[in-house]
Amino acid sequence: MKVIVFGATGMVGQGVLRECLVDAGVESVLAVGRSPTGQRHAKLHEILHDDFADFSAIEPQLTGYDACFFCLGVSSVGMEAERYRHLTYDVTMAAATTLSRLNPDMVFTYVTGRSTDSTERGPQRWARVKGKTENDLLKLPFKAAYMFRPAGIQPLHGVRSKTAWVQAIYVVAAPLLSWLVRTAPKFMTTSEQLGRAMIHVARDGYPKPILESEDINRI
Ligand SMILES: NC(=O)c1ccc[n+]([C@@H]2O[C@H](COP(=O)([O-])OP(=O)(O)OC[C@H]3O[C@@H](n4cnc5c(N)ncnc54)[C@H](OP(=O)(O)O)[C@@H]3O)[C@@H](O)[C@H]2O)c1
């Protein structure tokens, strides 16, 4: 498979990129981001792009791919509503619309989160925005699209949060998180399991388009 990863510098994206680089079935990886991943690998190519609402300038480099793992996303905490909607909905749809036109045989996977609101009418703003994004992604003419809704994610294999205090918590809580992964798969997965599950689903499909944490852990 030839894959594109968005958000490869983030915590989720680092994990997905790592699994792509170690998986022999992934032939090449294109990371599209606004900042470099800092990684070097024979399979990895990068495009630095600054307008995530418009990908027309790099379209020729986005063709010929089998899968996209879209890990770009932001937390709504402390963010103004319109900015959150723009970064979640507009940016994701701009990338996905472009990719579906250029790669009709592509499988697109999107990382949202537990409690995403498919009705788009619930009380939580972030969940409504993520729900609309999922719903509209599922209407695009991809070969298939899958929505991944992890809850907690334990970073493994050197994957780090860019926020120092969050990273410190992951380090201190590592034994607890490992225990939760084993005992509460509904609420906790690992960066490794998430990345592997995305590759598996892109390659072999899955019986339903929305995967919760327990689906991710079962794969
Ligand atoms: N972390 C978790 O435990 C967890 C759990 C469930 C769901 N999720 C979901 O997973 C997604 C990713 O989360 P994360 O924890 O990986 O976040 P993160 O560590 O903050 O990484 C966010 C990624 O998005 C990119 N990004 C952010 N704003 C951007 C912008 N304006 N333009 C271009 N790129 C931008 C970042 O690029 P830069 O490096 O250039 O900033 C980075 O690659 C989110 O949708 C989140 O809701 C995360």
# chains A, B, ... in the order shown; residues from 1 in each chain; ligands from 1
$ residues_around --residues "Ser75 (chain A)" --least-positions-apart "6" --cutoff "10 Å" --atoms "only C-alpha atoms" --output "ChimeraX atom specification"
/A:84,87-88,126
$ write_last_selection --atoms "C-alpha atoms" --output "PDB file, in the first residue's frame"
ATOM      1  CA  TYR A  84     -12.568  24.692  16.108  1.00  0.00           C
ATOM      2  CA  LEU A  87      -9.823  23.210  11.861  1.00  0.00           C
ATOM      3  CA  THR A  88     -12.023  20.147  12.322  1.00  0.00           C
ATOM      4  CA  TRP A 126     -17.088  19.395  19.698  1.00  0.00           C
TER       5      TRP A 126
END
$ closest_atom_pairs --of "chain A" --to "ligand 1" --cutoff "9 Å" --atoms "only C-alpha atoms and all ligand atoms" --output "Markdown table"
| residue | atom | partner | partner_atom_place_in_ligand_line | distance |
| --- | --- | --- | --- | --- |
| A:Phe6 | CA | ligand 1 | 43 (O) | 6.9 |
| A:Gly7 | CA | ligand 1 | 43 (O) | 3.2 |
| A:Ala8 | CA | ligand 1 | 43 (O) | 5.0 |
| A:Thr9 | CA | ligand 1 | 43 (O) | 3.9 |
| A:Gly10 | CA | ligand 1 | 21 (O) | 3.1 |
| A:Met11 | CA | ligand 1 | 16 (O) | 3.7 |
| A:Val12 | CA | ligand 1 | 16 (O) | 3.7 |
| A:Gly13 | CA | ligand 1 | 16 (O) | 5.6 |
| A:Gln14 | CA | ligand 1 | 16 (O) | 7.5 |
| A:Gly15 | CA | ligand 1 | 16 (O) | 8.7 |
| A:Val32 | CA | ligand 1 | 34 (N) | 8.8 |
| A:Gly33 | CA | ligand 1 | 34 (N) | 5.8 |
| A:Arg34 | CA | ligand 1 | 40 (O) | 4.9 |
| A:Ser35 | CA | ligand 1 | 40 (O) | 4.6 |
| A:Pro36 | CA | ligand 1 | 40 (O) | 7.6 |
| A:Thr37 | CA | ligand 1 | 39 (O) | 7.9 |
| A:His49 | CA | ligand 1 | 33 (C) | 8.2 |
| A:Asp50 | CA | ligand 1 | 32 (N) | 7.3 |
| A:Asp51 | CA | ligand 1 | 32 (N) | 7.5 |
| A:Phe52 | CA | ligand 1 | 32 (N) | 5.9 |
| A:Ala53 | CA | ligand 1 | 32 (N) | 8.9 |
| A:Phe70 | CA | ligand 1 | 11 (C) | 8.4 |
| A:Cys71 | CA | ligand 1 | 12 (C) | 5.1 |
| A:Leu72 | CA | ligand 1 | 24 (O) | 3.7 |
| A:Gly73 | CA | ligand 1 | 45 (O) | 3.4 |
| A:Val74 | CA | ligand 1 | 44 (C) | 5.0 |
| A:Ser75 | CA | ligand 1 | 47 (O) | 5.6 |
| A:Ser76 | CA | ligand 1 | 47 (O) | 8.2 |
| A:His86 | CA | ligand 1 | 31 (N) | 9.0 |
| A:Leu87 | CA | ligand 1 | 31 (N) | 6.1 |
| A:Thr88 | CA | ligand 1 | 45 (O) | 7.4 |
| A:Val91 | CA | ligand 1 | 32 (N) | 7.9 |
| A:Tyr110 | CA | ligand 1 | 45 (O) | 8.4 |
| A:Val111 | CA | ligand 1 | 10 (O) | 5.2 |
| A:Thr112 | CA | ligand 1 | 45 (O) | 5.0 |
| A:Gly113 | CA | ligand 1 | 7 (C) | 4.1 |
| A:Arg114 | CA | ligand 1 | 6 (C) | 6.6 |
| A:Lys130 | CA | ligand 1 | 45 (O) | 8.3 |
| A:Phe148 | CA | ligand 1 | 7 (C) | 8.4 |
| A:Arg149 | CA | ligand 1 | 7 (C) | 6.4 |
| A:Pro150 | CA | ligand 1 | 6 (C) | 4.7 |
| A:Ala151 | CA | ligand 1 | 6 (C) | 4.8 |
| A:Gly152 | CA | ligand 1 | 3 (O) | 4.8 |
| A:Ile153 | CA | ligand 1 | 3 (O) | 4.5 |
| A:Gln154 | CA | ligand 1 | 3 (O) | 7.3 |
| A:Pro155 | CA | ligand 1 | 3 (O) | 8.4 |
| A:Arg160 | CA | ligand 1 | 19 (O) | 8.0 |
| A:Ser161 | CA | ligand 1 | 19 (O) | 5.5 |
| A:Lys162 | CA | ligand 1 | 19 (O) | 6.0 |
| A:Thr163 | CA | ligand 1 | 19 (O) | 7.9 |
| A:Met188 | CA | ligand 1 | 3 (O) | 8.9 |
| A:Ser191 | CA | ligand 1 | 3 (O) | 8.9 |
$ write_last_selection --atoms "C-alpha atoms" --output "CSV table (one decimal), in the first residue's frame"
chain,number,residue,atom,x,y,z
A,6,PHE,CA,-1.9,13.9,7.8
A,7,GLY,CA,-1.0,15.1,11.3
A,8,ALA,CA,2.1,12.8,11.5
A,9,THR,CA,3.7,15.3,14.0
A,10,GLY,CA,0.9,14.9,16.5
A,11,MET,CA,0.6,12.2,19.2
A,12,VAL,CA,-1.8,10.0,17.2
A,13,GLY,CA,-0.1,10.6,13.9
A,14,GLN,CA,3.4,9.8,15.3
A,15,GLY,CA,2.0,6.4,16.3
A,32,VAL,CA,1.6,16.1,4.7
A,33,GLY,CA,2.0,18.7,7.4
A,34,ARG,CA,2.8,22.2,8.2
A,35,SER,CA,6.0,21.2,10.2
A,36,PRO,CA,8.5,18.4,9.6
A,37,THR,CA,8.2,15.1,11.4
A,49,HIS,CA,2.2,22.8,3.2
A,50,ASP,CA,0.9,26.0,4.7
A,51,ASP,CA,-2.7,26.4,3.5
A,52,PHE,CA,-4.8,23.5,4.9
A,53,ALA,CA,-8.0,24.9,3.4
A,70,PHE,CA,-6.1,11.5,8.6
A,71,CYS,CA,-4.8,12.1,12.2
A,72,LEU,CA,-4.8,15.9,12.0
A,73,GLY,CA,-7.1,17.3,14.7
A,74,VAL,CA,-7.3,19.7,17.6
A,75,SER,CA,-8.8,19.8,21.0
A,76,SER,CA,-11.8,22.1,21.4
A,86,HIS,CA,-12.7,25.4,10.7
A,87,LEU,CA,-9.8,23.2,11.9
A,88,THR,CA,-12.0,20.1,12.3
A,91,VAL,CA,-9.6,21.4,6.9
A,110,TYR,CA,-10.3,9.6,10.0
A,111,VAL,CA,-9.5,9.8,13.7
A,112,THR,CA,-12.3,11.4,15.7
A,113,GLY,CA,-13.0,10.3,19.3
A,114,ARG,CA,-15.3,8.4,21.6
A,130,LYS,CA,-16.9,15.8,14.7
A,148,PHE,CA,-11.9,5.7,14.2
A,149,ARG,CA,-13.2,6.8,17.6
A,150,PRO,CA,-10.5,6.0,20.2
A,151,ALA,CA,-11.0,7.0,23.8
A,152,GLY,CA,-7.7,7.1,25.7
A,153,ILE,CA,-4.5,6.3,23.9
A,154,GLN,CA,-1.3,5.1,25.6
A,155,PRO,CA,1.7,6.4,23.6
A,160,ARG,CA,5.2,11.7,22.6
A,161,SER,CA,2.7,14.4,23.3
A,162,LYS,CA,4.0,17.8,22.3
A,163,THR,CA,2.6,19.3,25.5
A,188,MET,CA,-8.1,2.7,26.4
A,191,SER,CA,-0.7,4.1,19.7
$ select_by_dssp --residues "chain A" --states "strand (DSSP E)" --output "ChimeraX atom specification"
/A:2-6,28-33,44-48,67-70,107-111,144-149,152-154,188-190,210-212
$ closest_residue --among "A:Arg196, A:Arg121, A:Leu156, A:Ser28" --to "Tyr170 (chain A)" --atoms "only C-alpha atoms"
A:Leu156
$ residues_around --residues "region 60-64 of chain A" --least-positions-apart "4" --cutoff "12 Å" --atoms "only C-alpha atoms" --output "PDB file with N, CA, C and O atoms, in the first residue's frame"
ATOM      1  N   MET A   1       0.840  -1.198   0.000  1.00  0.00           N
ATOM      2  CA  MET A   1       0.000   0.000   0.000  1.00  0.00           C
ATOM      3  C   MET A   1       0.872   1.244   0.000  1.00  0.00           C
ATOM      4  O   MET A   1       1.889   1.302   0.662  1.00  0.00           O
ATOM      5  N   LYS A   2       0.404   2.262  -0.725  1.00  0.00           N
ATOM      6  CA  LYS A   2       1.029   3.588  -0.645  1.00  0.00           C
ATOM      7  C   LYS A   2       0.071   4.464   0.148  1.00  0.00           C
ATOM      8  O   LYS A   2      -1.123   4.560  -0.207  1.00  0.00           O
ATOM      9  N   VAL A   3       0.574   5.084   1.222  1.00  0.00           N
ATOM     10  CA  VAL A   3      -0.336   5.796   2.117  1.00  0.00           C
ATOM     11  C   VAL A   3       0.083   7.248   2.320  1.00  0.00           C
ATOM     12  O   VAL A   3       1.268   7.594   2.210  1.00  0.00           O
ATOM     13  N   ILE A   4      -0.914   8.065   2.631  1.00  0.00           N
ATOM     14  CA  ILE A   4      -0.681   9.461   3.020  1.00  0.00           C
ATOM     15  C   ILE A   4      -1.096   9.604   4.479  1.00  0.00           C
ATOM     16  O   ILE A   4      -2.159   9.104   4.876  1.00  0.00           O
ATOM     17  N   VAL A   5      -0.264  10.263   5.270  1.00  0.00           N
ATOM     18  CA  VAL A   5      -0.610  10.533   6.666  1.00  0.00           C
ATOM     19  C   VAL A   5      -0.680  12.045   6.859  1.00  0.00           C
ATOM     20  O   VAL A   5       0.272  12.756   6.543  1.00  0.00           O
ATOM     21  N   PHE A   6      -1.797  12.502   7.369  1.00  0.00           N
ATOM     22  CA  PHE A   6      -1.924  13.901   7.808  1.00  0.00           C
ATOM     23  C   PHE A   6      -1.808  13.926   9.328  1.00  0.00           C
ATOM     24  O   PHE A   6      -2.357  13.065  10.011  1.00  0.00           O
ATOM     25  N   SER A  28       5.144   2.858   0.774  1.00  0.00           N
ATOM     26  CA  SER A  28       5.653   4.221   0.936  1.00  0.00           C
ATOM     27  C   SER A  28       4.661   5.056   1.736  1.00  0.00           C
ATOM     28  O   SER A  28       3.464   4.762   1.760  1.00  0.00           O
ATOM     29  N   VAL A  29       5.207   6.071   2.391  1.00  0.00           N
ATOM     30  CA  VAL A  29       4.385   6.946   3.231  1.00  0.00           C
ATOM     31  C   VAL A  29       4.687   8.390   2.852  1.00  0.00           C
ATOM     32  O   VAL A  29       5.854   8.805   2.835  1.00  0.00           O
ATOM     33  N   LEU A  30       3.623   9.136   2.572  1.00  0.00           N
ATOM     34  CA  LEU A  30       3.761  10.567   2.344  1.00  0.00           C
ATOM     35  C   LEU A  30       3.140  11.291   3.544  1.00  0.00           C
ATOM     36  O   LEU A  30       1.947  11.127   3.814  1.00  0.00           O
ATOM     37  N   ALA A  31       3.957  12.048   4.275  1.00  0.00           N
ATOM     38  CA  ALA A  31       3.430  12.829   5.393  1.00  0.00           C
ATOM     39  C   ALA A  31       3.184  14.250   4.913  1.00  0.00           C
ATOM     40  O   ALA A  31       4.100  14.905   4.407  1.00  0.00           O
ATOM     41  N   VAL A  32       1.946  14.704   5.049  1.00  0.00           N
ATOM     42  CA  VAL A  32       1.605  16.077   4.665  1.00  0.00           C
ATOM     43  C   VAL A  32       1.357  16.863   5.943  1.00  0.00           C
ATOM     44  O   VAL A  32       0.479  16.506   6.740  1.00  0.00           O
ATOM     45  N   HIS A  45       8.358  10.148   2.728  1.00  0.00           N
ATOM     46  CA  HIS A  45       8.501  11.402   1.987  1.00  0.00           C
ATOM     47  C   HIS A  45       7.594  12.423   2.674  1.00  0.00           C
ATOM     48  O   HIS A  45       6.556  12.050   3.213  1.00  0.00           O
ATOM     49  N   GLU A  46       7.997  13.681   2.609  1.00  0.00           N
ATOM     50  CA  GLU A  46       7.200  14.686   3.305  1.00  0.00           C
ATOM     51  C   GLU A  46       6.897  15.864   2.394  1.00  0.00           C
ATOM     52  O   GLU A  46       7.726  16.248   1.569  1.00  0.00           O
ATOM     53  N   ILE A  47       5.714  16.430   2.583  1.00  0.00           N
ATOM     54  CA  ILE A  47       5.372  17.704   1.940  1.00  0.00           C
ATOM     55  C   ILE A  47       5.031  18.680   3.059  1.00  0.00           C
ATOM     56  O   ILE A  47       4.168  18.390   3.894  1.00  0.00           O
ATOM     57  N   LEU A  48       5.713  19.815   3.069  1.00  0.00           N
ATOM     58  CA  LEU A  48       5.336  20.877   3.997  1.00  0.00           C
ATOM     59  C   LEU A  48       4.397  21.821   3.252  1.00  0.00           C
ATOM     60  O   LEU A  48       4.726  22.308   2.170  1.00  0.00           O
ATOM     61  N   HIS A  49       3.239  22.040   3.856  1.00  0.00           N
ATOM     62  CA  HIS A  49       2.194  22.821   3.196  1.00  0.00           C
ATOM     63  C   HIS A  49       1.669  23.833   4.200  1.00  0.00           C
ATOM     64  O   HIS A  49       1.609  23.514   5.399  1.00  0.00           O
ATOM     65  N   PHE A  55      -5.595  22.635  -1.174  1.00  0.00           N
ATOM     66  CA  PHE A  55      -4.473  21.742  -1.497  1.00  0.00           C
ATOM     67  C   PHE A  55      -4.142  21.758  -2.993  1.00  0.00           C
ATOM     68  O   PHE A  55      -3.402  20.902  -3.467  1.00  0.00           O
ATOM     69  N   SER A  56      -4.714  22.737  -3.728  1.00  0.00           N
ATOM     70  CA  SER A  56      -4.538  22.709  -5.188  1.00  0.00           C
ATOM     71  C   SER A  56      -3.064  22.788  -5.593  1.00  0.00           C
ATOM     72  O   SER A  56      -2.662  22.156  -6.571  1.00  0.00           O
ATOM     73  N   CYS A  68      -5.433   6.914   3.011  1.00  0.00           N
ATOM     74  CA  CYS A  68      -5.061   8.111   3.771  1.00  0.00           C
ATOM     75  C   CYS A  68      -5.422   7.882   5.229  1.00  0.00           C
ATOM     76  O   CYS A  68      -6.545   7.462   5.531  1.00  0.00           O
ATOM     77  N   ALA A  95      -9.140  18.468   2.534  1.00  0.00           N
ATOM     78  CA  ALA A  95      -8.189  17.402   2.183  1.00  0.00           C
ATOM     79  C   ALA A  95      -8.915  16.209   1.577  1.00  0.00           C
ATOM     80  O   ALA A  95      -8.511  15.673   0.543  1.00  0.00           O
ATOM     81  N   ALA A  96     -10.001  15.792   2.221  1.00  0.00           N
ATOM     82  CA  ALA A  96     -10.691  14.568   1.778  1.00  0.00           C
ATOM     83  C   ALA A  96     -11.344  14.748   0.407  1.00  0.00           C
ATOM     84  O   ALA A  96     -11.320  13.832  -0.426  1.00  0.00           O
ATOM     85  N   THR A  97     -11.913  15.914   0.166  1.00  0.00           N
ATOM     86  CA  THR A  97     -12.550  16.155  -1.138  1.00  0.00           C
ATOM     87  C   THR A  97     -11.510  16.094  -2.252  1.00  0.00           C
ATOM     88  O   THR A  97     -11.729  15.479  -3.305  1.00  0.00           O
ATOM     89  N   THR A  98     -10.373  16.705  -1.990  1.00  0.00           N
ATOM     90  CA  THR A  98      -9.283  16.673  -2.976  1.00  0.00           C
ATOM     91  C   THR A  98      -8.825  15.233  -3.208  1.00  0.00           C
ATOM     92  O   THR A  98      -8.687  14.780  -4.355  1.00  0.00           O
ATOM     93  N   LEU A  99      -8.598  14.506  -2.123  1.00  0.00           N
ATOM     94  CA  LEU A  99      -8.076  13.135  -2.258  1.00  0.00           C
ATOM     95  C   LEU A  99      -9.079  12.213  -2.944  1.00  0.00           C
ATOM     96  O   LEU A  99      -8.690  11.346  -3.739  1.00  0.00           O
ATOM     97  N   SER A 100     -10.367  12.367  -2.658  1.00  0.00           N
ATOM     98  CA  SER A 100     -11.353  11.463  -3.275  1.00  0.00           C
ATOM     99  C   SER A 100     -11.444  11.714  -4.784  1.00  0.00           C
ATOM    100  O   SER A 100     -11.684  10.790  -5.555  1.00  0.00           O
ATOM    101  N   ARG A 101     -11.219  12.963  -5.170  1.00  0.00           N
ATOM    102  CA  ARG A 101     -11.233  13.274  -6.613  1.00  0.00           C
ATOM    103  C   ARG A 101      -9.996  12.706  -7.302  1.00  0.00           C
ATOM    104  O   ARG A 101     -10.067  12.156  -8.407  1.00  0.00           O
ATOM    105  N   LEU A 102      -8.857  12.803  -6.630  1.00  0.00           N
ATOM    106  CA  LEU A 102      -7.595  12.366  -7.236  1.00  0.00           C
ATOM    107  C   LEU A 102      -7.378  10.862  -7.151  1.00  0.00           C
ATOM    108  O   LEU A 102      -6.651  10.275  -7.948  1.00  0.00           O
ATOM    109  N   ASN A 103      -7.980  10.229  -6.119  1.00  0.00           N
ATOM    110  CA  ASN A 103      -7.718   8.798  -5.842  1.00  0.00           C
ATOM    111  C   ASN A 103      -9.035   8.075  -5.551  1.00  0.00           C
ATOM    112  O   ASN A 103      -9.333   7.738  -4.397  1.00  0.00           O
ATOM    113  N   PRO A 104      -9.851   7.821  -6.578  1.00  0.00           N
ATOM    114  CA  PRO A 104     -11.166   7.211  -6.312  1.00  0.00           C
ATOM    115  C   PRO A 104     -11.077   5.812  -5.688  1.00  0.00           C
ATOM    116  O   PRO A 104     -12.038   5.353  -5.077  1.00  0.00           O
ATOM    117  N   ASP A 105      -9.930   5.159  -5.792  1.00  0.00           N
ATOM    118  CA  ASP A 105      -9.784   3.828  -5.181  1.00  0.00           C
ATOM    119  C   ASP A 105      -9.187   3.890  -3.779  1.00  0.00           C
ATOM    120  O   ASP A 105      -8.789   2.868  -3.218  1.00  0.00           O
ATOM    121  N   MET A 106      -9.137   5.088  -3.230  1.00  0.00           N
ATOM    122  CA  MET A 106      -8.498   5.257  -1.911  1.00  0.00           C
ATOM    123  C   MET A 106      -9.430   4.850  -0.774  1.00  0.00           C
ATOM    124  O   MET A 106     -10.648   5.032  -0.836  1.00  0.00           O
TER     125      MET A 106
END
$ atom_distance --atom1 "CA of Ser118 (chain A)" --atom2 "CA of Pro185 (chain A)"
21.6 Å
$ residues_around --residues "Arg218 (chain A)" --least-positions-apart "4" --cutoff "9 Å" --atoms "only C-alpha atoms" --output "PyMOL selection string"
chain A and resi 185+197+213-214
$ write_last_selection --atoms "N, CA and C atoms" --output "PDB file, in the first residue's frame"
ATOM      1  N   PRO A 185     -10.833  -2.199  27.432  1.00  0.00           N
ATOM      2  CA  PRO A 185     -10.588  -1.863  26.024  1.00  0.00           C
ATOM      3  C   PRO A 185     -11.589  -0.858  25.447  1.00  0.00           C
ATOM      4  N   ALA A 197      -4.446  -1.077  13.540  1.00  0.00           N
ATOM      5  CA  ALA A 197      -5.851  -1.243  13.148  1.00  0.00           C
ATOM      6  C   ALA A 197      -6.160  -0.415  11.902  1.00  0.00           C
ATOM      7  N   SER A 213     -13.441   2.204  20.411  1.00  0.00           N
ATOM      8  CA  SER A 213     -12.193   1.722  21.011  1.00  0.00           C
ATOM      9  C   SER A 213     -12.121   0.194  21.066  1.00  0.00           C
ATOM     10  N   GLU A 214     -13.254  -0.436  21.408  1.00  0.00           N
ATOM     11  CA  GLU A 214     -13.219  -1.904  21.507  1.00  0.00           C
ATOM     12  C   GLU A 214     -13.029  -2.561  20.139  1.00  0.00           C
TER      13      GLU A 214
END
$ closest_residue --among "A:Ala145, A:Val171, A:Val77, A:Met198" --to "Arg125 (chain A)" --atoms "only C-alpha atoms"
A:Val77
$ select_by_dssp --residues "region 25-128 of chain A" --states "helix (DSSP H, G or I)" --output "number ranges by chain"
A: 56-62, 81-102, 125-128
$ atom_distance --atom1 "CA of Ile199 (chain A)" --atom2 "CA of Val129 (chain A)"
25.5 Å
$ closest_residue --among "A:Asp90, A:Asp204, A:Asp66, A:Glu82" --to "Glu27 (chain A)" --atoms "only C-alpha atoms"
A:Asp66
$ closest_residue --among "A:Ser115, A:Gln193, A:Thr92, A:Gln124" --to "Val181 (chain A)" --atoms "only C-alpha atoms"
A:Gln193
$ decode --residues "region 91-109 of chain A" --atoms "N, CA, C and O atoms" --output "compact mmCIF listing (two decimals), in the first residue's frame"
# COMPACT_ATOMS: atom_id res chain seq x y z
N VAL A 91 -10.94 21.93 7.27
CA VAL A 91 -9.63 21.39 6.90
C VAL A 91 -9.75 19.92 6.48
O VAL A 91 -9.21 19.50 5.44
N THR A 92 -10.48 19.15 7.26
CA THR A 92 -10.63 17.72 6.94
C THR A 92 -11.34 17.54 5.60
O THR A 92 -10.91 16.74 4.76
N MET A 93 -12.42 18.30 5.40
CA MET A 93 -13.18 18.14 4.15
C MET A 93 -12.39 18.64 2.95
O MET A 93 -12.49 18.07 1.85
N ALA A 94 -11.59 19.70 3.14
CA ALA A 94 -10.76 20.20 2.02
C ALA A 94 -9.79 19.11 1.57
O ALA A 94 -9.64 18.82 0.37
N ALA A 95 -9.14 18.47 2.53
CA ALA A 95 -8.19 17.40 2.18
C ALA A 95 -8.92 16.21 1.58
O ALA A 95 -8.51 15.67 0.54
N ALA A 96 -10.00 15.79 2.22
CA ALA A 96 -10.69 14.57 1.78
C ALA A 96 -11.34 14.75 0.41
O ALA A 96 -11.32 13.83 -0.43
N THR A 97 -11.91 15.91 0.17
CA THR A 97 -12.55 16.16 -1.14
C THR A 97 -11.51 16.09 -2.25
O THR A 97 -11.73 15.48 -3.31
N THR A 98 -10.37 16.71 -1.99
CA THR A 98 -9.28 16.67 -2.98
C THR A 98 -8.83 15.23 -3.21
O THR A 98 -8.69 14.78 -4.35
N LEU A 99 -8.60 14.51 -2.12
CA LEU A 99 -8.08 13.14 -2.26
C LEU A 99 -9.08 12.21 -2.94
O LEU A 99 -8.69 11.35 -3.74
N SER A 100 -10.37 12.37 -2.66
CA SER A 100 -11.35 11.46 -3.28
C SER A 100 -11.44 11.71 -4.78
O SER A 100 -11.68 10.79 -5.56
N ARG A 101 -11.22 12.96 -5.17
CA ARG A 101 -11.23 13.27 -6.61
C ARG A 101 -10.00 12.71 -7.30
O ARG A 101 -10.07 12.16 -8.41
N LEU A 102 -8.86 12.80 -6.63
CA LEU A 102 -7.59 12.37 -7.24
C LEU A 102 -7.38 10.86 -7.15
O LEU A 102 -6.65 10.28 -7.95
N ASN A 103 -7.98 10.23 -6.12
CA ASN A 103 -7.72 8.80 -5.84
C ASN A 103 -9.04 8.08 -5.55
O ASN A 103 -9.33 7.74 -4.40
N PRO A 104 -9.85 7.82 -6.58
CA PRO A 104 -11.17 7.21 -6.31
C PRO A 104 -11.08 5.81 -5.69
O PRO A 104 -12.04 5.35 -5.08
N ASP A 105 -9.93 5.16 -5.79
CA ASP A 105 -9.78 3.83 -5.18
C ASP A 105 -9.19 3.89 -3.78
O ASP A 105 -8.79 2.87 -3.22
N MET A 106 -9.14 5.09 -3.23
CA MET A 106 -8.50 5.26 -1.91
C MET A 106 -9.43 4.85 -0.77
O MET A 106 -10.65 5.03 -0.84
N VAL A 107 -8.84 4.29 0.30
CA VAL A 107 -9.55 4.10 1.57
C VAL A 107 -9.12 5.23 2.49
O VAL A 107 -7.92 5.45 2.69
N PHE A 108 -10.12 5.94 3.03
CA PHE A 108 -9.83 7.10 3.89
C PHE A 108 -10.20 6.76 5.32
O PHE A 108 -11.32 6.31 5.59
N THR A 109 -9.26 6.93 6.24
CA THR A 109 -9.59 6.71 7.65
C THR A 109 -9.38 8.01 8.42
O THR A 109 -8.40 8.73 8.20
